[in-house]
Amino acid sequence: MTTSSSPARRPASWIPAAIAGFFGLFYAYAVWVAVGFLIAQAGAVEGLNGAGWAVLLFSVLFPIIVFVAGVLLGRRRALVQLAVILLVGLGLVAVFWLNILTYAITNGNSLVGS
């Protein structure tokens, strides 16, 4: 009896990188918008207090953390699963950003001033 154990066919290595790069552009846009909002708030007349800096700096770091976690979770999975993980992470980043904006609009006085 001979058994032919052919290894499972894996996609080319550039395809997962292209998927991650495609979604990475959206995550980079979220970081770009968060940095712009941070600069706009910090450059205002009263500036930011400690809580404002903490909240808005975390809003800059959060998309990066979620993207890295998504890539690490999806790197050994099928291409569709990688795309779904990154898409779900992007949805999480979008909801978090809407929460930051809502908090800044409704409780903006607690973020500014010294």
# chains A, B, ... in the order shown; residues from 1 in each chain; ligands from 1
call {"tool": "residues_around", "arguments": {"residues": "segment 84-87 of chain A", "least_positions_apart": "3", "cutoff": "6 Å", "atoms": "only C-alpha atoms", "output": "ChimeraX atom specification"}}
result
/A:70,81,90
call {"tool": "write_last_selection", "arguments": {"atoms": "C-alpha atoms", "output": "CSV table (one decimal), in the first residue's frame"}}
result
chain,number,residue,atom,x,y,z
A,70,GLY,CA,-6.6,40.9,12.7
A,81,GLN,CA,-11.5,34.1,6.7
A,90,LEU,CA,-12.8,47.5,10.5
call {"tool": "residues_around", "arguments": {"residues": "Phe58 of chain A", "least_positions_apart": "3", "cutoff": "12 Å", "atoms": "only C-alpha atoms", "output": "PyMOL selection string"}}
result
chain A and resi 31+34-35+38+51-55+61-66+93+96-97+100
call {"tool": "write_last_selection", "arguments": {"atoms": "C-alpha atoms", "output": "compact mmCIF listing (two decimals), in the first residue's frame"}}
result
# COMPACT_ATOMS: atom_id res chain seq x y z
CA VAL A 31 -5.64 56.56 11.82
CA ALA A 34 -7.99 60.32 14.24
CA VAL A 35 -4.67 62.19 13.98
CA LEU A 38 -6.38 65.11 17.63
CA ALA A 51 -8.25 62.93 29.71
CA GLY A 52 -8.56 64.49 26.27
CA TRP A 53 -5.04 63.46 25.35
CA ALA A 54 -5.62 59.92 26.63
CA VAL A 55 -8.91 59.43 24.78
CA LEU A 61 -3.68 53.71 18.38
CA PHE A 62 -6.86 51.62 18.35
CA PRO A 63 -7.05 51.03 14.55
CA ILE A 64 -3.38 49.99 14.53
CA ILE A 65 -3.93 47.54 17.38
CA VAL A 66 -7.03 46.04 15.72
CA VAL A 93 -12.87 50.51 14.48
CA PHE A 96 -15.24 52.94 18.19
CA TRP A 97 -14.64 56.08 16.11
CA ILE A 100 -15.29 58.92 20.17
call {"tool": "atom_distance", "arguments": {"atom1": "atom CA of Arg76 of chain A", "atom2": "atom CA of Ser59 of chain A"}}
result
28.2 Å
call {"tool": "closest_atom_pairs", "arguments": {"of": "segment 60-104 of chain A", "to": "segment 16-19 of chain A", "cutoff": "8 Å", "atoms": "only C-alpha atoms", "output": "tab-separated table"}}
result
residue	atom	partner	partner_atom	distance
A:Arg75	CA	A:Pro16	CA	7.5
A:Leu79	CA	A:Pro16	CA	6.4
A:Leu82	CA	A:Pro16	CA	7.6
A:Ala83	CA	A:Ile19	CA	6.7
call {"tool": "closest_residue", "arguments": {"among": "A:Val33, A:Ala12, A:Ile105, A:Leu98", "to": "Val60 of chain A", "atoms": "only C-alpha atoms"}}
result
A:Val33
call {"tool": "atom_distance", "arguments": {"atom1": "atom CA of Leu92 of chain A", "atom2": "atom CA of Tyr27 of chain A"}}
result
10.8 Å
call {"tool": "closest_residue", "arguments": {"among": "A:Gly50, A:Gly113, A:Gly108, A:Gly21", "to": "Val68 of chain A", "atoms": "only C-alpha atoms"}}
result
A:Gly21
call {"tool": "closest_residue", "arguments": {"among": "A:Ala30, A:Leu57, A:Ala20, A:Ala42", "to": "Gly74 of chain A", "atoms": "only C-alpha atoms"}}
result
A:Ala20
